[in-house]
Each structure stands twice: as structure tokens, then as C-alpha cells.
>>> print(open('target.pdb').read())   # PDB, C-alpha atoms
ATOM      1  CA  MET A   1      57.653  -6.042  -6.552
ATOM      2  CA  ASP A   2      58.533  -5.957 -10.271
ATOM      3  CA  GLU A   3      61.460  -3.587  -9.620
ATOM      4  CA  GLN A   4      62.679  -5.755  -6.734
ATOM      5  CA  HIS A   5      62.423  -8.874  -8.894
ATOM      6  CA  ALA A   6      64.366  -7.156 -11.690
ATOM      7  CA  LEU A   7      67.159  -6.214  -9.274
ATOM      8  CA  TRP A   8      67.287  -9.770  -7.897
ATOM      9  CA  THR A   9      67.394 -11.205 -11.424
ATOM     10  CA  GLU A  10      70.194  -8.857 -12.528
ATOM     11  CA  LYS A  11      72.145  -9.583  -9.348
ATOM     12  CA  TYR A  12      72.235 -13.334  -9.877
ATOM     13  CA  ARG A  13      72.222 -13.474 -13.671
ATOM     14  CA  PRO A  14      75.496 -15.094 -14.824
ATOM     15  CA  LYS A  15      78.082 -12.695 -16.237
ATOM     16  CA  THR A  16      80.915 -15.170 -16.915
ATOM     17  CA  PHE A  17      81.043 -18.757 -18.152
ATOM     18  CA  GLU A  18      81.983 -19.925 -14.649
ATOM     19  CA  ASP A  19      78.666 -18.595 -13.310
ATOM     20  CA  ILE A  20      76.658 -21.056 -15.429
ATOM     21  CA  LYS A  21      76.215 -24.379 -13.671
ATOM     22  CA  GLY A  22      75.580 -27.869 -14.963
ATOM     23  CA  GLN A  23      76.422 -27.377 -18.667
ATOM     24  CA  ASP A  24      80.190 -27.947 -18.650
ATOM     25  CA  GLU A  25      80.393 -29.749 -22.006
ATOM     26  CA  ILE A  26      78.489 -26.994 -23.797
ATOM     27  CA  ILE A  27      80.479 -24.249 -22.072
ATOM     28  CA  SER A  28      83.802 -25.725 -23.192
ATOM     29  CA  LYS A  29      82.739 -25.608 -26.853
ATOM     30  CA  ILE A  30      81.269 -22.114 -26.611
ATOM     31  CA  LYS A  31      84.472 -20.838 -24.988
ATOM     32  CA  ALA A  32      86.418 -21.953 -28.060
ATOM     33  CA  PHE A  33      84.064 -19.962 -30.310
ATOM     34  CA  VAL A  34      84.511 -16.840 -28.186
ATOM     35  CA  GLN A  35      88.281 -17.260 -28.014
ATOM     36  CA  HIS A  36      88.575 -17.323 -31.819
ATOM     37  CA  LYS A  37      85.919 -14.574 -32.189
ATOM     38  CA  ASN A  38      84.096 -16.701 -34.691
ATOM     39  CA  MET A  39      81.089 -18.968 -34.325
ATOM     40  CA  PRO A  40      78.254 -20.490 -36.341
ATOM     41  CA  HIS A  41      74.581 -19.824 -35.759
ATOM     42  CA  LEU A  42      73.606 -21.534 -32.501
ATOM     43  CA  LEU A  43      70.470 -23.374 -31.407
ATOM     44  CA  PHE A  44      70.042 -23.926 -27.658
ATOM     45  CA  ALA A  45      67.401 -26.545 -26.889
ATOM     46  CA  GLY A  46      66.276 -27.798 -23.511
ATOM     47  CA  PRO A  47      63.887 -27.313 -20.578
ATOM     48  CA  ALA A  48      63.175 -23.972 -18.945
ATOM     49  CA  GLY A  49      65.480 -22.414 -16.375
ATOM     50  CA  VAL A  50      68.713 -24.256 -17.203
ATOM     51  CA  GLY A  51      70.800 -21.371 -18.588
ATOM     52  CA  LYS A  52      69.982 -20.940 -22.314
ATOM     53  CA  SER A  53      69.220 -17.214 -22.141
ATOM     54  CA  SER A  54      71.956 -16.572 -19.576
ATOM     55  CA  LEU A  55      74.589 -18.259 -21.754
ATOM     56  CA  SER A  56      73.546 -16.099 -24.698
ATOM     57  CA  LEU A  57      74.106 -12.944 -22.643
ATOM     58  CA  VAL A  58      77.447 -14.258 -21.379
ATOM     59  CA  ILE A  59      78.569 -14.861 -24.977
ATOM     60  CA  ALA A  60      77.725 -11.250 -25.846
ATOM     61  CA  ARG A  61      79.488  -9.874 -22.756
ATOM     62  CA  GLN A  62      82.619 -11.938 -23.398
ATOM     63  CA  LEU A  63      82.774 -11.120 -27.114
ATOM     64  CA  PHE A  64      81.967  -7.412 -27.106
ATOM     65  CA  GLY A  65      82.915  -6.250 -23.611
ATOM     66  CA  GLU A  66      81.426  -2.862 -22.723
ATOM     67  CA  ASN A  67      79.873  -2.520 -26.201
ATOM     68  CA  TRP A  68      77.798  -5.686 -25.863
ATOM     69  CA  ARG A  69      74.455  -3.849 -25.707
ATOM     70  CA  ASP A  70      75.169  -2.114 -29.055
ATOM     71  CA  ASN A  71      75.946  -5.425 -30.768
ATOM     72  CA  PHE A  72      73.289  -7.616 -29.185
ATOM     73  CA  LEU A  73      69.564  -7.728 -30.005
ATOM     74  CA  GLU A  74      67.290  -9.801 -27.788
ATOM     75  CA  LEU A  75      63.776 -10.652 -28.942
ATOM     76  CA  ASN A  76      61.240 -12.923 -27.302
ATOM     77  CA  ALA A  77      59.540 -14.826 -30.085
ATOM     78  CA  SER A  78      56.528 -15.693 -27.939
ATOM     79  CA  ASP A  79      55.674 -11.954 -27.811
ATOM     80  CA  GLU A  80      56.686 -11.079 -31.372
ATOM     81  CA  ARG A  81      56.066 -14.246 -33.324
ATOM     82  CA  GLY A  82      54.898 -13.000 -36.692
ATOM     83  CA  ILE A  83      56.675 -12.652 -40.018
ATOM     84  CA  ASP A  84      56.824  -8.821 -39.699
ATOM     85  CA  THR A  85      59.204  -9.144 -36.749
ATOM     86  CA  VAL A  86      61.675 -11.088 -38.870
ATOM     87  CA  ARG A  87      61.279  -8.837 -41.897
ATOM     88  CA  VAL A  88      61.622  -5.537 -40.019
ATOM     89  CA  LYS A  89      63.406  -5.738 -36.625
ATOM     90  CA  VAL A  90      65.685  -8.660 -37.367
ATOM     91  CA  LYS A  91      66.646  -7.567 -40.896
ATOM     92  CA  ASP A  92      67.320  -3.954 -39.905
ATOM     93  CA  PHE A  93      69.656  -5.028 -37.105
ATOM     94  CA  ALA A  94      71.347  -7.824 -39.073
ATOM     95  CA  ARG A  95      72.353  -5.767 -42.123
ATOM     96  CA  THR A  96      74.564  -3.286 -40.189
ATOM     97  CA  LYS A  97      78.147  -3.992 -39.122
ATOM     98  CA  ALA A  98      79.214  -4.566 -35.532
ATOM     99  CA  ILE A  99      80.936  -1.943 -33.374
ATOM    100  CA  GLY A 100      84.402  -3.057 -32.251
ATOM    101  CA  ASN A 101      86.863  -5.714 -33.373
ATOM    102  CA  VAL A 102      84.359  -8.591 -33.639
ATOM    103  CA  PRO A 103      83.197  -9.054 -37.244
ATOM    104  CA  PHE A 104      79.564  -9.820 -36.417
ATOM    105  CA  LYS A 105      76.613  -8.862 -34.242
ATOM    106  CA  ILE A 106      74.413 -11.311 -32.322
ATOM    107  CA  ILE A 107      70.638 -11.633 -32.523
ATOM    108  CA  PHE A 108      69.152 -13.715 -29.726
ATOM    109  CA  LEU A 109      65.680 -15.124 -30.376
ATOM    110  CA  ASP A 110      64.276 -16.554 -27.152
ATOM    111  CA  GLU A 111      61.466 -19.122 -27.264
ATOM    112  CA  CYS A 112      61.817 -19.307 -31.016
ATOM    113  CA  ASP A 113      59.739 -22.504 -31.105
ATOM    114  CA  ALA A 114      56.776 -20.092 -30.769
ATOM    115  CA  LEU A 115      57.540 -18.526 -34.171
ATOM    116  CA  THR A 116      54.986 -19.270 -36.863
ATOM    117  CA  LYS A 117      56.070 -21.464 -39.773
ATOM    118  CA  GLU A 118      55.983 -18.451 -42.107
ATOM    119  CA  ALA A 119      58.241 -16.476 -39.767
ATOM    120  CA  GLN A 120      60.648 -19.401 -39.559
ATOM    121  CA  GLN A 121      60.837 -19.592 -43.353
ATOM    122  CA  ALA A 122      61.640 -15.864 -43.496
ATOM    123  CA  LEU A 123      64.206 -16.305 -40.721
ATOM    124  CA  ARG A 124      65.917 -19.100 -42.642
ATOM    125  CA  ARG A 125      66.643 -16.800 -45.572
ATOM    126  CA  THR A 126      67.687 -13.919 -43.290
ATOM    127  CA  MET A 127      70.204 -16.162 -41.509
ATOM    128  CA  GLU A 128      71.711 -17.105 -44.852
ATOM    129  CA  MET A 129      71.866 -13.615 -46.371
ATOM    130  CA  ASN A 130      73.392 -11.865 -43.328
ATOM    131  CA  ALA A 131      75.867 -14.515 -42.162
ATOM    132  CA  ASN A 132      78.815 -12.156 -42.735
ATOM    133  CA  THR A 133      77.567  -9.437 -40.390
ATOM    134  CA  CYS A 134      75.353 -11.283 -37.925
ATOM    135  CA  ARG A 135      75.104 -14.543 -35.965
ATOM    136  CA  PHE A 136      71.833 -15.896 -34.615
ATOM    137  CA  VAL A 137      71.418 -17.593 -31.259
ATOM    138  CA  LEU A 138      68.068 -19.367 -31.036
ATOM    139  CA  ALA A 139      66.649 -20.759 -27.796
ATOM    140  CA  ALA A 140      63.803 -23.251 -27.742
ATOM    141  CA  ASN A 141      62.227 -25.607 -25.243
ATOM    142  CA  TYR A 142      61.280 -27.998 -28.046
ATOM    143  CA  SER A 143      63.723 -28.215 -30.934
ATOM    144  CA  SER A 144      61.270 -30.429 -32.845
ATOM    145  CA  LYS A 145      59.129 -27.321 -33.438
ATOM    146  CA  ILE A 146      61.979 -25.655 -35.330
ATOM    147  CA  ILE A 147      61.918 -26.392 -39.065
ATOM    148  CA  GLU A 148      64.728 -28.584 -40.389
ATOM    149  CA  PRO A 149      66.285 -25.917 -42.682
ATOM    150  CA  ILE A 150      66.969 -23.724 -39.616
ATOM    151  CA  GLN A 151      68.315 -26.632 -37.567
ATOM    152  CA  SER A 152      70.718 -27.551 -40.374
ATOM    153  CA  ARG A 153      72.111 -24.000 -40.381
ATOM    154  CA  CYS A 154      72.863 -24.083 -36.645
ATOM    155  CA  ALA A 155      75.187 -25.862 -34.252
ATOM    156  CA  VAL A 156      72.676 -27.512 -31.928
ATOM    157  CA  PHE A 157      73.391 -27.679 -28.186
ATOM    158  CA  ARG A 158      71.021 -29.623 -25.953
ATOM    159  CA  PHE A 159      70.834 -28.421 -22.363
ATOM    160  CA  LYS A 160      69.954 -30.740 -19.498
ATOM    161  CA  PRO A 161      68.210 -30.023 -16.167
ATOM    162  CA  LEU A 162      70.549 -29.100 -13.325
ATOM    163  CA  ASN A 163      71.427 -32.009 -11.049
ATOM    164  CA  LYS A 164      71.111 -31.872  -7.250
ATOM    165  CA  GLU A 165      74.757 -30.917  -6.685
ATOM    166  CA  HIS A 166      74.536 -27.849  -8.926
ATOM    167  CA  VAL A 167      71.176 -26.781  -7.463
ATOM    168  CA  HIS A 168      72.632 -27.125  -3.974
ATOM    169  CA  GLU A 169      75.588 -24.960  -5.008
ATOM    170  CA  ILE A 170      73.274 -22.227  -6.303
ATOM    171  CA  ILE A 171      71.154 -22.343  -3.127
ATOM    172  CA  LYS A 172      74.243 -22.039  -0.938
ATOM    173  CA  GLN A 173      75.542 -19.095  -2.963
ATOM    174  CA  ILE A 174      72.264 -17.154  -2.739
ATOM    175  CA  ALA A 175      71.772 -17.938   0.963
ATOM    176  CA  GLN A 176      75.220 -16.565   1.797
ATOM    177  CA  LYS A 177      74.801 -13.363  -0.205
ATOM    178  CA  GLU A 178      71.280 -12.693   1.107
ATOM    179  CA  ASN A 179      71.963 -13.833   4.703
ATOM    180  CA  ILE A 180      69.140 -16.409   4.609
ATOM    181  CA  GLN A 181      69.058 -19.283   7.107
ATOM    182  CA  LEU A 182      68.248 -22.622   5.452
ATOM    183  CA  THR A 183      68.091 -26.042   7.092
ATOM    184  CA  LYS A 184      68.954 -29.256   5.245
ATOM    185  CA  GLU A 185      65.243 -30.064   5.050
ATOM    186  CA  THR A 186      64.551 -26.667   3.483
ATOM    187  CA  GLU A 187      67.326 -27.126   0.924
ATOM    188  CA  GLN A 188      65.919 -30.535   0.017
ATOM    189  CA  ALA A 189      62.454 -29.003  -0.379
ATOM    190  CA  LEU A 190      63.912 -26.385  -2.766
ATOM    191  CA  ILE A 191      65.672 -29.093  -4.778
ATOM    192  CA  ASP A 192      62.492 -31.180  -4.978
ATOM    193  CA  THR A 193      60.214 -28.300  -6.004
ATOM    194  CA  SER A 194      62.607 -26.745  -8.543
ATOM    195  CA  GLU A 195      63.143 -30.020 -10.466
ATOM    196  CA  GLY A 196      66.352 -28.702 -12.030
ATOM    197  CA  ASP A 197      64.825 -25.338 -13.023
ATOM    198  CA  CYS A 198      67.084 -22.574 -11.669
ATOM    199  CA  ARG A 199      64.590 -19.832 -12.516
ATOM    200  CA  LYS A 200      61.849 -21.570 -10.544
ATOM    201  CA  LEU A 201      64.275 -22.084  -7.659
ATOM    202  CA  GLU A 202      65.204 -18.396  -7.472
ATOM    203  CA  ASN A 203      61.595 -17.220  -7.752
ATOM    204  CA  THR A 204      60.484 -19.556  -4.947
ATOM    205  CA  LEU A 205      63.411 -18.580  -2.731
ATOM    206  CA  GLN A 206      62.849 -14.871  -3.340
ATOM    207  CA  SER A 207      59.152 -15.152  -2.456
ATOM    208  CA  CYS A 208      59.955 -17.033   0.745
ATOM    209  CA  ALA A 209      62.766 -14.637   1.721
ATOM    210  CA  ALA A 210      60.321 -11.737   1.556
ATOM    211  CA  THR A 211      58.351 -13.246   4.450
ATOM    212  CA  ALA A 212      61.115 -14.428   6.854
ATOM    213  CA  THR A 213      64.890 -14.821   7.168
ATOM    214  CA  THR A 214      64.484 -18.408   8.444
ATOM    215  CA  ILE A 215      62.658 -20.448   5.816
ATOM    216  CA  LEU A 216      60.915 -23.717   6.661
ATOM    217  CA  PRO A 217      60.129 -26.589   4.223
ATOM    218  CA  GLU A 218      56.403 -25.924   4.706
ATOM    219  CA  THR A 219      56.898 -22.396   3.372
ATOM    220  CA  ILE A 220      58.723 -23.709   0.295
ATOM    221  CA  TYR A 221      55.955 -26.144  -0.644
ATOM    222  CA  SER A 222      53.296 -23.513   0.005
ATOM    223  CA  MET A 223      55.020 -20.946  -2.243
ATOM    224  CA  ALA A 224      55.566 -23.578  -4.941
ATOM    225  CA  SER A 225      51.886 -24.580  -4.715
ATOM    226  CA  LEU A 226      52.795 -28.189  -4.008
ATOM    227  CA  ALA A 227      51.773 -30.580  -1.259
ATOM    228  CA  GLN A 228      54.482 -31.997   0.961
ATOM    229  CA  PRO A 229      55.615 -35.526  -0.020
ATOM    230  CA  THR A 230      54.662 -36.841   3.429
ATOM    231  CA  GLU A 231      51.069 -35.675   2.882
ATOM    232  CA  ILE A 232      50.910 -37.382  -0.507
ATOM    233  CA  LYS A 233      52.299 -40.579   1.042
ATOM    234  CA  THR A 234      49.538 -40.439   3.669
ATOM    235  CA  ILE A 235      46.884 -40.459   0.945
ATOM    236  CA  LEU A 236      48.455 -43.435  -0.803
ATOM    237  CA  GLN A 237      48.981 -45.407   2.403
ATOM    238  CA  GLN A 238      45.391 -44.846   3.487
ATOM    239  CA  ALA A 239      44.118 -45.999   0.079
ATOM    240  CA  VAL A 240      46.381 -49.067   0.032
ATOM    241  CA  SER A 241      45.127 -49.984   3.512
ATOM    242  CA  GLY A 242      41.533 -49.961   2.231
ATOM    243  CA  LYS A 243      40.607 -46.720   4.028
ATOM    244  CA  PHE A 244      38.937 -45.167   1.013
ATOM    245  CA  THR A 245      36.906 -42.513   2.871
ATOM    246  CA  GLU A 246      39.912 -41.309   4.899
ATOM    247  CA  ALA A 247      42.089 -41.160   1.770
ATOM    248  CA  LYS A 248      39.423 -39.204  -0.128
ATOM    249  CA  ASN A 249      38.973 -36.687   2.695
ATOM    250  CA  THR A 250      42.740 -36.242   3.118
ATOM    251  CA  LEU A 251      43.128 -35.666  -0.620
ATOM    252  CA  PHE A 252      40.464 -32.974  -0.791
ATOM    253  CA  ASP A 253      41.772 -31.283   2.366
ATOM    254  CA  ILE A 254      45.245 -31.059   0.803
ATOM    255  CA  MET A 255      43.885 -29.735  -2.497
ATOM    256  CA  THR A 256      41.945 -27.046  -0.627
ATOM    257  CA  LYS A 257      44.899 -26.183   1.645
ATOM    258  CA  TYR A 258      47.374 -25.628  -1.213
ATOM    259  CA  GLY A 259      44.917 -24.653  -3.962
ATOM    260  CA  LEU A 260      46.050 -27.536  -6.180
ATOM    261  CA  SER A 261      44.408 -28.456  -9.467
ATOM    262  CA  GLY A 262      43.605 -32.028 -10.456
ATOM    263  CA  THR A 263      46.600 -32.290 -12.791
ATOM    264  CA  ASP A 264      48.919 -30.924 -10.079
ATOM    265  CA  ILE A 265      47.885 -33.565  -7.568
ATOM    266  CA  ILE A 266      47.909 -36.505 -10.005
ATOM    267  CA  LYS A 267      51.516 -35.678 -10.942
ATOM    268  CA  GLN A 268      52.538 -35.713  -7.285
ATOM    269  CA  LEU A 269      50.637 -38.942  -6.691
ATOM    270  CA  GLN A 270      52.402 -40.538  -9.663
ATOM    271  CA  LYS A 271      55.812 -39.492  -8.340
ATOM    272  CA  GLU A 272      55.181 -40.929  -4.850
ATOM    273  CA  LEU A 273      53.666 -44.173  -6.157
ATOM    274  CA  TRP A 274      57.157 -45.555  -6.754
ATOM    275  CA  GLN A 275      57.841 -45.376  -3.011
ATOM    276  CA  LEU A 276      54.866 -47.585  -2.065
ATOM    277  CA  ASP A 277      55.573 -50.986  -0.549
ATOM    278  CA  ILE A 278      53.664 -53.023  -3.135
ATOM    279  CA  GLN A 279      54.595 -55.405  -5.922
ATOM    280  CA  PRO A 280      56.435 -53.800  -8.893
ATOM    281  CA  ARG A 281      53.836 -55.114 -11.351
ATOM    282  CA  LYS A 282      51.070 -53.346  -9.411
ATOM    283  CA  LYS A 283      53.106 -50.126  -9.381
ATOM    284  CA  VAL A 284      53.354 -50.229 -13.159
ATOM    285  CA  ALA A 285      49.598 -50.792 -13.484
ATOM    286  CA  LEU A 286      48.917 -47.830 -11.181
ATOM    287  CA  ILE A 287      51.268 -45.571 -13.160
ATOM    288  CA  ASP A 288      49.329 -46.529 -16.276
ATOM    289  CA  LYS A 289      46.121 -45.587 -14.463
ATOM    290  CA  CYS A 290      47.651 -42.210 -13.530
ATOM    291  CA  GLY A 291      48.219 -41.516 -17.212
ATOM    292  CA  GLU A 292      44.621 -42.388 -18.025
ATOM    293  CA  ILE A 293      43.245 -40.168 -15.227
ATOM    294  CA  GLU A 294      45.456 -37.242 -16.241
ATOM    295  CA  PHE A 295      44.327 -37.563 -19.866
ATOM    296  CA  ARG A 296      40.679 -37.527 -18.829
ATOM    297  CA  MET A 297      41.170 -34.360 -16.759
ATOM    298  CA  VAL A 298      43.018 -32.602 -19.584
ATOM    299  CA  GLU A 299      40.130 -33.503 -21.900
ATOM    300  CA  GLY A 300      37.661 -31.810 -19.532
ATOM    301  CA  SER A 301      36.473 -34.422 -17.045
ATOM    302  CA  ASP A 302      35.660 -33.345 -13.490
ATOM    303  CA  PRO A 303      38.944 -33.594 -11.523
ATOM    304  CA  PHE A 304      37.332 -34.546  -8.214
ATOM    305  CA  ILE A 305      35.429 -37.439  -9.745
ATOM    306  CA  GLN A 306      38.535 -38.640 -11.565
ATOM    307  CA  LEU A 307      40.683 -38.445  -8.422
ATOM    308  CA  GLU A 308      38.029 -40.341  -6.447
ATOM    309  CA  ALA A 309      38.070 -42.968  -9.166
ATOM    310  CA  PHE A 310      41.846 -43.235  -8.911
ATOM    311  CA  ILE A 311      41.760 -43.660  -5.137
ATOM    312  CA  ALA A 312      39.044 -46.283  -5.491
ATOM    313  CA  HIS A 313      41.137 -48.111  -8.074
ATOM    314  CA  LEU A 314      44.193 -47.871  -5.826
ATOM    315  CA  ALA A 315      42.251 -49.282  -2.868
ATOM    316  CA  THR A 316      40.710 -52.206  -4.761
ATOM    317  CA  GLU A 317      43.804 -53.181  -6.768
ATOM    318  CA  THR A 318      46.254 -53.293  -3.850
ATOM    319  CA  ILE A 319      44.164 -54.966  -1.145
TER     320      ILE A 319
END
>>> encode(input="target.pdb", output="C-alpha cells")
Amino acid sequence: MDEQHALWTEKYRPKTFEDIKGQDEIISKIKAFVQHKNMPHLLFAGPAGVGKSSLSLVIARQLFGENWRDNFLELNASDERGIDTVRVKVKDFARTKAIGNVPFKIIFLDECDALTKEAQQALRRTMEMNANTCRFVLAANYSSKIIEPIQSRCAVFRFKPLNKEHVHEIIKQIAQKENIQLTKETEQALIDTSEGDCRKLENTLQSCAATATTILPETIYSMASLAQPTEIKTILQQAVSGKFTEAKNTLFDIMTKYGLSGTDIIKQLQKELWQLDIQPRKKVALIDKCGEIEFRMVEGSDPFIQLEAFIAHLATETI
């Protein structure tokens, strides 16, 4: 399965700027850097699965051509997050000249917000000392965890989640290449479960494609470990109608069916609350209650008791 996943990933990993979807403004600026064969240190910040790592590889491919592997070092900072990594691996690679007609190498540090503060301080000095022979591309989900001296040395690009049109385009492209039959309902289920995360989309689609060539929405939600929106709506409608026992039983049946945790289900309940036919002021109060229930579960409270309490609150407040 790991080998199959690696082949799938390599097959659909972007190789040109045109392959990266949803980040047009960033791409236009990066293209200018590549065209002039000169660029500053870069910091890519944004949610997971939106193209930060892929864009880094595309930059290396476009700059160095066939020699890109010799001039590109990729490190995952969540695996190697200590100061020794910066002092040994990064320094050794950064101090040597690039092969080819580009005057610098590229070091890509993925998930660099996982680096310790000491490692970030060492990295700051390394970036400064080796600027003539090496450029750094840093990727982080949370730029606030990167110390200010590093941020000031980088051109910061903030990535955004992919919108529905771009996700639909990616789904269509994969379905055609893999000869997978997808209905409109299935495509919508993929869009809803991926939430703009292309990596999550491809993993879900690959898992479903391994079981059948015709994929149903039920299969998508099952693979994504999410309940279907219609099932969540049933719980809310039963509670709003004062049918507390039915709502409680439906909730626990769904949690058992999909293997959902308390935090998983409260997030889905919160999302569907906005579709309820109740007064806006009551919706806001219920969203506030969702936040309170989620906090209690994260702090260690029993999820079943907390979810029962939420359903009871929903039933009493909306009758």
C-alpha cells in the first residue's frame, strides 16, 4: 500500500507552475523570481494540503532542470527539529556551491513551525551567513510560531484553501486519468470532506478507488470518517422538535457507525446548525454552546455526557 501510495503521489504531484491550483497571485510572483534566477528566502504559510511543498519542488525543477535533485535539500522539521539538524545537515549543504548556471542551492524546510526556538535561532544565523550560495524555502502551517528575525529575512507568502472550482477541477482531472466514475453527489461529498485540502482529497479518493470504480457519496463519508450531512440534520431536527430520546439514540448510532469521536461530531453539528430553521439569535447562542462543549471534551470530560447535554440544551432552548 505504501508503494502504491508513493506512485499515486508522484503521478499527481505538480511538476510545473500550471499544475498548482488556487494560488495564482503567489505563482505570478514566484515565476518572476525563477525567470531572473534570483530570489530571496521564502516563507510559505497556510493550511495543510494547499500546495506549499509542491510549489517548492516546482521551483527547484524549473530553476535547475535535470540537476534539481543535486541542488535541492528537503528536510521535514517535525522529524528533525533539533539544533543539531541546523548545525550539521543544513550548514554542510548550504556552504557548497550549486551545480549548473544558477548561483544558489535551495534548502526546503517543511513544517518549520515545529523547530525548537534554539534551532530557529541557529537557522537565522545560517540563513544570513550562506545567502550567497543558498536560499531557504520554509513552509509552516502557523507563521506565528516562526520567530520574527526569520520572518524579516523572508518574503512571506500566505496560501489559502482551495475553493470549490479548483477542487472540482482536480477531481475531474484524476477521475479522467484513473477511469473513475463519479456522480455529482459524489463530487460534492469530496468537496465537502476535503475542505480545501488537496492532500486529503487525493487520499480519500485513492482509498475509495481501491474498493470500486463507481464511488458513492456514502463511501466518501465513510472513508473520511464523517457522518453524512443529512444524518446530522436529522439529529438537530429531532432535538428542535423536542424528541430528545430519538435525537440521543440517532446521535449515538451515527457515532458507532462511523467511529466518530466527540470532537468530530460536535464540529459537524456546529456546521449544520446554521441550516436550522430557527431565529438567528438562537443560532448564535447554540454556536456559543458548541464552543463550550468542545472545550469541555478537549479538557477531558466524557464526550457522551457532553453531547447529551448539548442535545438537551438544543431541545429546551428551541422549543
>>> residues_around(input="target.pdb", residues="Leu307 (chain A)", least_positions_apart="3", cutoff="10 Å", atoms="only C-alpha atoms", output="MDAnalysis selection string")
chainID A and resid 248 251:252 262:263 265:266 290 293:294 297 302:304 310:313
>>> resolve_selection(input="target.pdb", expression="the PyMOL selection byres ((chain A and resi 207) around 10)", output="JSON, numbers by chain")
{"A": [5, 202, 203, 204, 205, 206, 208, 209, 210, 211, 212, 219, 220, 223, 224]}
>>> resolve_selection(input="target.pdb", expression="the PyMOL selection byres ((chain A and resi 222) around 12)", output="NGL selection string")
:A and (189-190 or 193 or 204-205 or 207-208 or 215-221 or 223-228 or 254-260)
>>> write_last_selection(input="target.pdb", atoms="C-alpha atoms", output="mmCIF file, keeping the file's coordinate frame")
data_model
loop_
_atom_site.group_PDB
_atom_site.id
_atom_site.type_symbol
_atom_site.label_atom_id
_atom_site.label_comp_id
_atom_site.auth_asym_id
_atom_site.auth_seq_id
_atom_site.Cartn_x
_atom_site.Cartn_y
_atom_site.Cartn_z
ATOM 1 C CA ALA A 189 62.454 -29.003 -0.379
ATOM 2 C CA LEU A 190 63.912 -26.385 -2.766
ATOM 3 C CA THR A 193 60.214 -28.300 -6.004
ATOM 4 C CA THR A 204 60.484 -19.556 -4.947
ATOM 5 C CA LEU A 205 63.411 -18.580 -2.731
ATOM 6 C CA SER A 207 59.152 -15.152 -2.456
ATOM 7 C CA CYS A 208 59.955 -17.033 0.745
ATOM 8 C CA ILE A 215 62.658 -20.448 5.816
ATOM 9 C CA LEU A 216 60.915 -23.717 6.661
ATOM 10 C CA PRO A 217 60.129 -26.589 4.223
ATOM 11 C CA GLU A 218 56.403 -25.924 4.706
ATOM 12 C CA THR A 219 56.898 -22.396 3.372
ATOM 13 C CA ILE A 220 58.723 -23.709 0.295
ATOM 14 C CA TYR A 221 55.955 -26.144 -0.644
ATOM 15 C CA MET A 223 55.020 -20.946 -2.243
ATOM 16 C CA ALA A 224 55.566 -23.578 -4.941
ATOM 17 C CA SER A 225 51.886 -24.580 -4.715
ATOM 18 C CA LEU A 226 52.795 -28.189 -4.008
ATOM 19 C CA ALA A 227 51.773 -30.580 -1.259
ATOM 20 C CA GLN A 228 54.482 -31.997 0.961
ATOM 21 C CA ILE A 254 45.245 -31.059 0.803
ATOM 22 C CA MET A 255 43.885 -29.735 -2.497
ATOM 23 C CA THR A 256 41.945 -27.046 -0.627
ATOM 24 C CA LYS A 257 44.899 -26.183 1.645
ATOM 25 C CA TYR A 258 47.374 -25.628 -1.213
ATOM 26 C CA GLY A 259 44.917 -24.653 -3.962
ATOM 27 C CA LEU A 260 46.050 -27.536 -6.180
#
>>> closest_atom_pairs(input="target.pdb", of="region 112-158 of chain A", to="region 17-40 of chain A", cutoff="12 Å", atoms="all atoms listed in the file", output="tab-separated table")
residue	atom	partner	partner_atom	distance
A:Met127	CA	A:Pro40	CA	10.5
A:Glu128	CA	A:Pro40	CA	11.3
A:Ala131	CA	A:Pro40	CA	8.7
A:Asn132	CA	A:Pro40	CA	10.5
A:Thr133	CA	A:Asn38	CA	11.3
A:Cys134	CA	A:Pro40	CA	9.8
A:Arg135	CA	A:Pro40	CA	6.7
A:Phe136	CA	A:Pro40	CA	8.1
A:Val137	CA	A:Pro40	CA	9.0
A:Leu138	CA	A:Pro40	CA	11.5
A:Gln151	CA	A:Pro40	CA	11.7
A:Ser152	CA	A:Pro40	CA	11.1
A:Arg153	CA	A:Pro40	CA	8.1
A:Cys154	CA	A:Pro40	CA	6.5
A:Ala155	CA	A:Pro40	CA	6.5
A:Val156	CA	A:Pro40	CA	10.0
A:Phe157	CA	A:Ile26	CA	6.8
A:Arg158	CA	A:Ile26	CA	8.2
>>> resolve_selection(input="target.pdb", expression="the PyMOL selection byres ((chain A and resi 141) around 12)", output="PyMOL selection string")
chain A and resi 43-53+78+110-114+138-140+142-146+157-161
>>> atom_distance(input="target.pdb", atom1="CA of Ala119 (chain A)", atom2="CA of Ile150 (chain A)")
11.3 Å
>>> atom_distance(input="target.pdb", atom1="CA of Gly100 (chain A)", atom2="CA of Phe72 (chain A)")
12.4 Å
>>> closest_residue(input="target.pdb", among="A:Ala315, A:Leu276, A:Ala94, A:Leu109", to="Leu42 (chain A)", atoms="only C-alpha atoms")
A:Leu109
>>> residues_around(input="target.pdb", residues="region 174-181 of chain A", least_positions_apart="2", cutoff="8 Å", atoms="all atoms listed in the file", output="ChimeraX atom specification")
/A:170-172,183,209,213-215
